[in-house]
Each structure stands twice: as structure tokens, then as C-alpha cells.
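A short write-up of the structure that comes next.
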Amino acid sequence: MMKVKVFKIRLPEEYLYTDQQALDDFLESHEIIKSETAFVHDELYWSVVLYFEELKAVVSSVKEAKSVKYSAEDDVLNTDEEKILDALKLWRSEKAREQNLPIYFIASNKELVSVAKYKPAKKAELLDIKGFGKHKIENYGEEILEILESI
């Protein structure tokens, strides 16, 4: 049976991270069929409507131990990492424009820095990076890996 869930992603800095985290957590644990986004100008937030299937198996109740994910702590990048980061930011801007989404929907700066430092070679390795769940990897994994290979 298809269900609907609506998220409000508020732009002010004090809400943005928690709102986005709630959305990411939901995306990671549900099979999304379709999504719609709309920007509400008067109140400065994105409305995200998700149509999803309730996953039948109670496998999710046996929550796998969440492994510690990689996250770049120091933002000091070497020259190669800087090149990767610039290429990823350019790609993210183009992606956001194509999909008519704000750039942080695609990936946060911290996530891109983490990719530049960790340099995953396979989609499975993207899962090791904080902020990358199944949904983000399915949508953007191939392109991110191609950027890493090309630099």
C-alpha cells in the first residue's frame, strides 16, 4: 500500500541540519516511489512530499548495528583533494539546477569534503561516508565515482 509523508526543510541554519537529517533517515529506511518538492517563499522552506511503500519484512526491527561512518574532521585538503572538491561542487551545482533543487539536497559541503578525502572507488564504499545512504548512492553514486576516477 502506498503511503505519503511530508517533510518541511527550513532554510535557517538552526533548523536546516536537523530537518535534513530527519529526511535522510527516512529516505534510508523506506522504499521511495516518487517525490515532489516545492519552495514556500513566504516562509522560506522546502516542502518535500514522499510517496513510499511500507516495507513488509520486519527486518528493519532487527536494526543492524550502525557502523561508524567516515566524516572528514579537518578541512585541510591537499592539492588533489582540492581538485576533487572543486569538481564535486561544480557537479553538485549542475545537478541541483537540473533537478530544480537546492544544492544541499544533493550533498552538503562536509559530505563532499569527506568524499574528496576518503576517495571511494566503489558504490559500497560510499556507504562508509556519513550522509550517504542507499537513496543518495542510487541517485548520484555512479556520477560521483566517475568524477573521482577522472581526476
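Each chain in the C-alpha cells gets a letter, A, B and so on, in the order shown; residues start at 1 in every chain, and ligands are counted from 1 in the order they appear.
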Problem set entry | Members of chain A assigned helix (DSSP H, G or I) by DSSP, as an MDAnalysis selection string | chainID A and resid 13:29 58:61 79:99 103:106 109:118 123:126 134:150
For this session: Name the residues in contact with Ile137 in chain A at a cut-off of 12 Å, using only C-alpha atoms, excluding same-chain residues fewer than 4 positions from it; report them as a list in words.
Result: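 Contacts, in chain order: Asp24, Leu27, Glu28, Ile106, Ala107, Pro120, Lys122, Lys123, Ala124, Glu125, Leu126, Leu127, Asp128, Ile129, Lys130, Gly131, Phe132, Gly133, Gly141, Glu142, Glu143, Ile144 and Leu145 of chain A.
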Exercise. Mind pulling up the distance from CA of Val4 in chain A to CA of Tyr51 in chain A?
Worked result: 4.6 Å
Exercise. Which residues, written as number ranges by chain, have at least one atom at most 8 Å from Lys5 in chain A, with only C-alpha atoms counted and residues fewer than 5 positions away on the same chain left out?
Worked result: A: 49-52
Create the file for the chosen residues now, containing N, CA, C and O atoms and written as a PDB file, in the first residue's frame.
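What follows is the written file again-v5.pdb:
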```pdb
ATOM      1  N   VAL A  49       7.447  16.114  -0.501  1.00  0.00           N
ATOM      2  CA  VAL A  49       6.387  15.110  -0.387  1.00  0.00           C
ATOM      3  C   VAL A  49       6.930  13.794  -0.919  1.00  0.00           C
ATOM      4  O   VAL A  49       7.407  13.729  -2.053  1.00  0.00           O
ATOM      5  N   LEU A  50       6.892  12.766  -0.078  1.00  0.00           N
ATOM      6  CA  LEU A  50       7.406  11.455  -0.474  1.00  0.00           C
ATOM      7  C   LEU A  50       6.269  10.444  -0.536  1.00  0.00           C
ATOM      8  O   LEU A  50       5.471  10.348   0.398  1.00  0.00           O
ATOM      9  N   TYR A  51       6.200   9.700  -1.614  1.00  0.00           N
ATOM     10  CA  TYR A  51       5.246   8.602  -1.758  1.00  0.00           C
ATOM     11  C   TYR A  51       6.070   7.340  -1.593  1.00  0.00           C
ATOM     12  O   TYR A  51       7.063   7.160  -2.280  1.00  0.00           O
ATOM     13  N   PHE A  52       5.679   6.492  -0.668  1.00  0.00           N
ATOM     14  CA  PHE A  52       6.528   5.338  -0.381  1.00  0.00           C
ATOM     15  C   PHE A  52       5.711   4.089  -0.087  1.00  0.00           C
ATOM     16  O   PHE A  52       4.513   4.151   0.177  1.00  0.00           O
TER      17      PHE A  52
END
```
For this session: Just give me the gap between CA of Ile9 in chain A and CA of Val48 in chain A in Å, one decimal is fine.
Result: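 A separation of 7.5 Å between them.
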For this session: Check the smallest atom-to-atom distance from each of A:Thr18, A:Lys83, A:Arg97, A:Val113 to Ser150 in chain A using only C-alpha atoms, then report the winner.
Result: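 For Ser150 in chain A, the nearest of the given residues is A:Lys83.
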Problem set entry | Leu11 in chain A environment, 8 Å, only C-alpha atoms, sequence neighbours closer than 4 positions dropped, as number ranges by chain | A: 15-16, 44-46
Problem set entry | Shortest interatomic distance to Met1 in chain A - which of A:Leu101, A:Ser47, A:Ser93, A:Glu31, counting only C-alpha atoms | A:Glu31
Seminar exercise, completed: Shortest contact to Arg92 in chain A, candidates A:Tyr118, A:Lys134, A:Ile147, A:Tyr70, atoms counted only C-alpha atoms, goes to A:Ile147
Exercise. Which residue out of A:Gln99, A:Tyr17, A:Asp80, A:Glu94 has the minimum interatomic distance to Glu36 in chain A when only C-alpha atoms are used?
Worked result: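 Of all the options, A:Gln99 lies closest to Glu36 in chain A.
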Exercise. So how many Å separate CA of Arg10 in chain A and CA of Lys34 in chain A, to one decimal?
Worked result: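 Interatomic distance, CA of Arg10 in chain A to CA of Lys34 in chain A: 21.2 Å.
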For this session: Please report, as an MDAnalysis selection string, each residue of range 6-124 of chain A to which DSSP assigns strand (DSSP E) when run on this structure's backbone.
Result: chainID A and resid 6:10 31:40 45:53
Problem set entry | Nearest to Ser29 in chain A, chosen from A:Ser71, A:Glu53, A:Pro12, A:Ser114, with only C-alpha atoms counted in the distances |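 Smallest distance to Ser29 in chain A is found for A:Glu53.
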Exercise. Which residue gives the smallest distance to Ala87 in chain A among A:Val115, A:Pro102, A:Phe7, A:Ala38, with only C-alpha atoms counted?
Worked result: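 Residue with the minimum atom-to-atom distance to Ala87 in chain A: A:Val115.
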